[in-house]
Amino acid sequence: MAQREEAGPSSVDPEDVARFDRIGEDWWSADGPMAALHKLNPVRVAYLRDLMSRHFRVEGLPRDRYAPRPLEGLRILDAGCGAGLLAEPLARLGARVTAIDPAPRNIEVARRHAEKSGLSIDYRMTTIEALSGEAATFDAVLAMEVLEHVLDVAGFVRCCGALVRPGGLMFAATLNRTLKSFAFAIVGAEYVLGWAPRGTHDWRRFISPRELARAMAAADLSAFDETGVVFDPLQGGWRLAHDTDINYMMAASKRR
Ligand SMILES: C[S@@+](CC[C@H](N)C(=O)[O-])C[C@H]1O[C@@H](n2cnc3c(N)ncnc32)[C@H](O)[C@@H]1O
């Protein structure tokens, strides 16, 4: 893997990042190894769009979530962006997206795909730790399906918090550490259904909503929403739910 600059200790798990790096061009194949993220995209994009347009409207910026570009001008950091599956739809909604990942091929594939899609996204091969050493701040920082892959969750969240401007937001999507998540997210998704490559997840790294809210509080972020994401076998897709036993998302705001 190519060299990159780092500031202080890193939450990067080199083996885990190398596994994502190897996915290469297959990131964008809807039936490939990242099929689960492709299927999750509509529900998480809608969640982010709705909460951001509501929050920043309350803050005084006129926003309409039904407008074609409700995130117009918002500066968003997608931390651990992979090959840009989430960065692209957010850019289409009008956001000015900076997207980072330590895996060099992820960033290469992401840049090429954005160019083909005619989207301008600031992709950087770096870590959250290195970026948090810079003076930049964002209206919103996202850590979507990343925290269960890092070595130091509290440290990662602290770096995210440092990059959120006062009054801005942080969002995280991750997996709860329950018996149900072991049965469905590991045994079911990886071994029975083959939705994700075997070994993608380590159950011991899953995080309860309480632990995440605590890490956010230590980063000066106050959690105000916790929403489950469940698979609906009848519709063959994901939907938002109260049940946070397996997948969930959390939103937090930073004090002014
Ligand atoms: C499961 S993928 C999620 C990709 C993307 N967020 C999505 O949901 O489509 C996790 C990504 O986090 C990246 N990652 C791991 N540690 C990181 C760190 N310390 N800083 C930034 N990204 C990191 C990995 O390289 C990998 O691409």
# chains A, B, ... in the order shown; residues from 1 in each chain; ligands from 1
$ residues_near_ligand --ligand "ligand 1" --cutoff "9 Å" --atoms "only C-alpha atoms and all ligand atoms" --output "ChimeraX atom specification"
/A:10-14,16-21,27,34,37-38,40-41,78-87,100-104,106-107,125-131,142-152,156,173,200
$ residues_around --residues "range 231-241 of chain A" --least-positions-apart "3" --cutoff "8 Å" --atoms "only C-alpha atoms" --output "VMD selection string"
chain A and resid 39 to 40 43 227 to 228 244
$ closest_residue --among "A:Pro70, A:Gly133, A:Gly155, A:Gly24" --to "Arg105 in chain A" --atoms "only C-alpha atoms"
A:Gly24
$ select_by_dssp --residues "range 43-142 of chain A" --states "strand (DSSP E or B)" --output "JSON, numbers by chain"
{"A": [75, 76, 77, 78, 79, 96, 97, 98, 99, 100, 122, 123, 124, 138, 139, 140, 141, 142]}
$ write_last_selection --atoms "all heavy atoms" --output "tab-separated table (two decimals), in the first residue's frame"
chain	number	residue	atom	x	y	z
A	75	ARG	N	-21.15	21.67	3.20
A	75	ARG	CA	-19.83	21.02	3.11
A	75	ARG	C	-19.89	19.73	3.93
A	75	ARG	O	-20.08	19.77	5.15
A	75	ARG	CB	-18.75	21.94	3.68
A	75	ARG	CG	-18.47	23.16	2.80
A	75	ARG	CD	-17.77	24.24	3.61
A	75	ARG	NE	-18.59	24.61	4.76
A	75	ARG	CZ	-18.13	24.90	5.97
A	75	ARG	NH1	-16.85	24.84	6.24
A	75	ARG	NH2	-18.95	25.24	6.95
A	76	ILE	N	-19.77	18.62	3.23
A	76	ILE	CA	-19.89	17.31	3.89
A	76	ILE	C	-18.58	16.55	3.76
A	76	ILE	O	-17.98	16.49	2.68
A	76	ILE	CB	-21.03	16.49	3.24
A	76	ILE	CG1	-22.37	17.19	3.50
A	76	ILE	CG2	-21.06	15.07	3.79
A	76	ILE	CD1	-23.56	16.46	2.91
A	77	LEU	N	-18.14	15.93	4.88
A	77	LEU	CA	-16.99	15.03	4.84
A	77	LEU	C	-17.51	13.60	4.96
A	77	LEU	O	-18.19	13.26	5.93
A	77	LEU	CB	-16.04	15.32	6.00
A	77	LEU	CG	-14.91	14.30	6.15
A	77	LEU	CD1	-13.94	14.38	4.96
A	77	LEU	CD2	-14.14	14.50	7.46
A	78	ASP	N	-17.18	12.76	3.97
A	78	ASP	CA	-17.52	11.34	4.01
A	78	ASP	C	-16.24	10.61	4.43
A	78	ASP	O	-15.33	10.41	3.62
A	78	ASP	CB	-18.01	10.91	2.61
A	78	ASP	CG	-18.46	9.45	2.58
A	78	ASP	OD1	-18.51	8.82	3.65
A	78	ASP	OD2	-18.78	8.97	1.48
A	79	ALA	N	-16.18	10.23	5.70
A	79	ALA	CA	-14.95	9.63	6.25
A	79	ALA	C	-15.01	8.12	6.09
A	79	ALA	O	-15.93	7.48	6.60
A	79	ALA	CB	-14.80	10.01	7.71
A	96	ARG	N	-21.24	19.87	-1.24
A	96	ARG	CA	-19.82	19.94	-1.65
A	96	ARG	C	-19.09	18.88	-0.83
A	96	ARG	O	-18.84	19.08	0.36
A	96	ARG	CB	-19.27	21.32	-1.34
A	96	ARG	CG	-19.76	22.36	-2.35
A	96	ARG	CD	-19.68	23.76	-1.82
A	96	ARG	NE	-18.39	24.07	-1.23
A	96	ARG	CZ	-18.20	25.11	-0.42
A	96	ARG	NH1	-19.20	25.90	-0.08
A	96	ARG	NH2	-17.00	25.35	0.07
A	97	VAL	N	-18.82	17.75	-1.46
A	97	VAL	CA	-18.34	16.58	-0.71
A	97	VAL	C	-16.81	16.44	-0.77
A	97	VAL	O	-16.22	16.46	-1.85
A	97	VAL	CB	-18.98	15.28	-1.25
A	97	VAL	CG1	-18.54	14.07	-0.43
A	97	VAL	CG2	-20.51	15.38	-1.26
A	98	THR	N	-16.22	16.30	0.43
A	98	THR	CA	-14.84	15.84	0.54
A	98	THR	C	-14.94	14.41	1.03
A	98	THR	O	-15.73	14.14	1.94
A	98	THR	CB	-14.07	16.69	1.58
A	98	THR	OG1	-14.08	18.04	1.15
A	98	THR	CG2	-12.62	16.22	1.74
A	99	ALA	N	-14.21	13.48	0.42
A	99	ALA	CA	-14.36	12.08	0.79
A	99	ALA	C	-12.98	11.47	0.94
A	99	ALA	O	-12.12	11.62	0.06
A	99	ALA	CB	-15.18	11.34	-0.27
A	100	ILE	N	-12.75	10.81	2.09
A	100	ILE	CA	-11.41	10.29	2.38
A	100	ILE	C	-11.44	8.79	2.64
A	100	ILE	O	-12.42	8.25	3.15
A	100	ILE	CB	-10.77	11.00	3.60
A	100	ILE	CG1	-11.59	10.75	4.89
A	100	ILE	CG2	-10.61	12.49	3.34
A	100	ILE	CD1	-10.82	11.11	6.16
A	122	ASP	N	-14.13	15.99	-3.91
A	122	ASP	CA	-12.74	16.13	-3.50
A	122	ASP	C	-12.32	14.84	-2.76
A	122	ASP	O	-12.51	14.72	-1.56
A	122	ASP	CB	-12.63	17.36	-2.58
A	122	ASP	CG	-11.22	17.57	-2.07
A	122	ASP	OD1	-10.29	16.89	-2.54
A	122	ASP	OD2	-11.05	18.43	-1.18
A	123	TYR	N	-11.79	13.87	-3.53
A	123	TYR	CA	-11.35	12.60	-2.95
A	123	TYR	C	-9.91	12.71	-2.47
A	123	TYR	O	-9.07	13.24	-3.19
A	123	TYR	CB	-11.44	11.47	-3.97
A	123	TYR	CG	-12.84	10.96	-4.19
A	123	TYR	CD1	-13.51	11.14	-5.40
A	123	TYR	CD2	-13.51	10.27	-3.17
A	123	TYR	CE1	-14.80	10.66	-5.60
A	123	TYR	CE2	-14.80	9.79	-3.35
A	123	TYR	CZ	-15.43	9.97	-4.56
A	123	TYR	OH	-16.70	9.50	-4.75
A	124	ARG	N	-9.65	12.20	-1.27
A	124	ARG	CA	-8.27	12.21	-0.77
A	124	ARG	C	-7.92	10.89	-0.12
A	124	ARG	O	-8.71	10.36	0.66
A	124	ARG	CB	-8.10	13.30	0.29
A	124	ARG	CG	-8.46	14.67	-0.22
A	124	ARG	CD	-8.09	15.69	0.80
A	124	ARG	NE	-8.85	16.92	0.58
A	124	ARG	CZ	-8.84	17.94	1.40
A	124	ARG	NH1	-8.13	17.89	2.51
A	124	ARG	NH2	-9.55	19.00	1.13
A	138	PHE	N	-16.42	21.12	8.65
A	138	PHE	CA	-17.50	20.76	7.73
A	138	PHE	C	-18.85	20.98	8.42
A	138	PHE	O	-18.95	20.95	9.64
A	138	PHE	CB	-17.36	19.29	7.33
A	138	PHE	CG	-16.08	19.00	6.59
A	138	PHE	CD1	-14.90	18.72	7.28
A	138	PHE	CD2	-16.04	19.08	5.20
A	138	PHE	CE1	-13.70	18.50	6.61
A	138	PHE	CE2	-14.84	18.85	4.51
A	138	PHE	CZ	-13.67	18.56	5.22
A	139	ASP	N	-19.89	21.18	7.59
A	139	ASP	CA	-21.25	21.27	8.14
A	139	ASP	C	-21.67	19.91	8.69
A	139	ASP	O	-22.40	19.85	9.68
A	139	ASP	CB	-22.23	21.72	7.05
A	139	ASP	CG	-21.92	23.12	6.54
A	139	ASP	OD1	-21.90	24.04	7.38
A	139	ASP	OD2	-21.66	23.27	5.33
A	140	ALA	N	-21.24	18.84	8.02
A	140	ALA	CA	-21.59	17.51	8.50
A	140	ALA	C	-20.45	16.55	8.20
A	140	ALA	O	-19.82	16.62	7.14
A	140	ALA	CB	-22.87	17.01	7.82
A	141	VAL	N	-20.18	15.66	9.15
A	141	VAL	CA	-19.17	14.61	8.98
A	141	VAL	C	-19.87	13.27	9.08
A	141	VAL	O	-20.66	13.04	10.01
A	141	VAL	CB	-18.05	14.73	10.04
A	141	VAL	CG1	-17.09	13.55	9.94
A	141	VAL	CG2	-17.29	16.05	9.88
A	142	LEU	N	-19.62	12.38	8.12
A	142	LEU	CA	-20.27	11.07	8.09
A	142	LEU	C	-19.26	9.96	8.35
A	142	LEU	O	-18.16	9.98	7.77
A	142	LEU	CB	-20.88	10.80	6.71
A	142	LEU	CG	-21.62	11.92	6.00
A	142	LEU	CD1	-22.15	11.41	4.66
A	142	LEU	CD2	-22.75	12.44	6.85
$ select_by_dssp --residues "range 112-172 of chain A" --states "helix (DSSP H, G or I)" --output "list in words"
Arg112, His113, Ala114, Glu115, Lys116, Ser117, Ile128, Glu129, Ala130, Leu131, Ser132, Leu147, Glu148, His149, Val153, Ala154, Gly155, Phe156, Val157, Arg158, Cys159, Cys160, Gly161, Ala162 and Leu163 of chain A
$ atom_distance --atom1 "CA of Trp203 in chain A" --atom2 "CA of Phe171 in chain A"
21.3 Å
$ atom_distance --atom1 "CA of Val45 in chain A" --atom2 "CA of Arg112 in chain A"
21.7 Å
$ atom_distance --atom1 "CA of Ala162 in chain A" --atom2 "CA of Phe224 in chain A"
18.2 Å
$ residues_around --residues "Ala223 in chain A" --least-positions-apart "2" --cutoff "7 Å" --atoms "only C-alpha atoms" --output "compact mmCIF listing (two decimals) with all heavy atoms, in the first residue's frame"
# COMPACT_ATOMS: atom_id res chain seq x y z
N ALA A 213 -23.09 6.74 21.54
CA ALA A 213 -23.53 8.04 22.07
C ALA A 213 -22.51 8.56 23.08
O ALA A 213 -22.22 9.77 23.13
CB ALA A 213 -24.91 7.90 22.71
N LEU A 221 -20.25 16.11 20.98
CA LEU A 221 -21.38 15.92 20.07
C LEU A 221 -22.55 15.36 20.88
O LEU A 221 -22.36 14.42 21.66
CB LEU A 221 -21.02 14.92 18.97
CG LEU A 221 -19.90 15.34 18.02
CD1 LEU A 221 -19.31 14.10 17.33
CD2 LEU A 221 -20.43 16.31 16.97
N ASP A 225 -30.69 11.58 17.50
CA ASP A 225 -31.53 10.61 16.78
C ASP A 225 -30.82 9.27 16.70
O ASP A 225 -29.61 9.21 16.47
CB ASP A 225 -31.86 11.09 15.36
CG ASP A 225 -32.82 10.11 14.69
OD1 ASP A 225 -34.02 10.16 15.02
OD2 ASP A 225 -32.37 9.27 13.90
N MET A 250 -27.08 6.93 13.70
CA MET A 250 -27.18 7.90 14.79
C MET A 250 -26.77 9.27 14.27
O MET A 250 -25.86 9.38 13.45
CB MET A 250 -26.26 7.48 15.93
CG MET A 250 -26.51 8.23 17.22
SD MET A 250 -25.53 7.56 18.58
CE MET A 250 -26.56 6.20 19.11
N ALA A 251 -27.50 10.29 14.72
CA ALA A 251 -27.17 11.67 14.33
C ALA A 251 -26.88 12.46 15.60
O ALA A 251 -27.53 12.27 16.62
CB ALA A 251 -28.36 12.29 13.60
N ALA A 252 -25.88 13.34 15.52
CA ALA A 252 -25.50 14.14 16.69
C ALA A 252 -25.15 15.54 16.22
O ALA A 252 -24.72 15.74 15.08
CB ALA A 252 -24.29 13.50 17.37
N SER A 253 -25.37 16.51 17.12
CA SER A 253 -25.02 17.88 16.75
C SER A 253 -23.93 18.40 17.68
O SER A 253 -23.79 17.95 18.81
CB SER A 253 -26.26 18.78 16.81
OG SER A 253 -26.78 18.74 18.11
$ closest_atom_pairs --of "range 83-188 of chain A" --to "range 53-66 of chain A" --cutoff "12 Å" --atoms "only C-alpha atoms" --output "Markdown table"
| residue | atom | partner | partner_atom | distance |
| --- | --- | --- | --- | --- |
| A:Leu93 | CA | A:Arg65 | CA | 9.6 |
| A:Gly94 | CA | A:Arg65 | CA | 11.4 |
| A:Ala95 | CA | A:Ser53 | CA | 11.2 |
| A:Asp139 | CA | A:Phe56 | CA | 9.0 |
| A:Ala140 | CA | A:Phe56 | CA | 10.2 |
| A:Pro166 | CA | A:Glu59 | CA | 11.6 |
| A:Gly167 | CA | A:Glu59 | CA | 8.3 |
| A:Gly168 | CA | A:Phe56 | CA | 8.4 |
| A:Leu169 | CA | A:His55 | CA | 8.5 |
| A:Met170 | CA | A:His55 | CA | 11.6 |
$ closest_residue --among "A:Ala30, A:Ser120, A:Pro68, A:Ile246" --to "Ala183 in chain A" --atoms "only C-alpha atoms"
A:Ile246
$ closest_residue --among "A:Val109, A:Leu179, A:Val153, A:Ala189" --to "Ala218 in chain A" --atoms "only C-alpha atoms"
A:Val153
$ residues_around --residues "Ile207 in chain A" --least-positions-apart "4" --cutoff "8 Å" --atoms "only C-alpha atoms" --output "ChimeraX atom specification"
/A:148,174-177,211-212
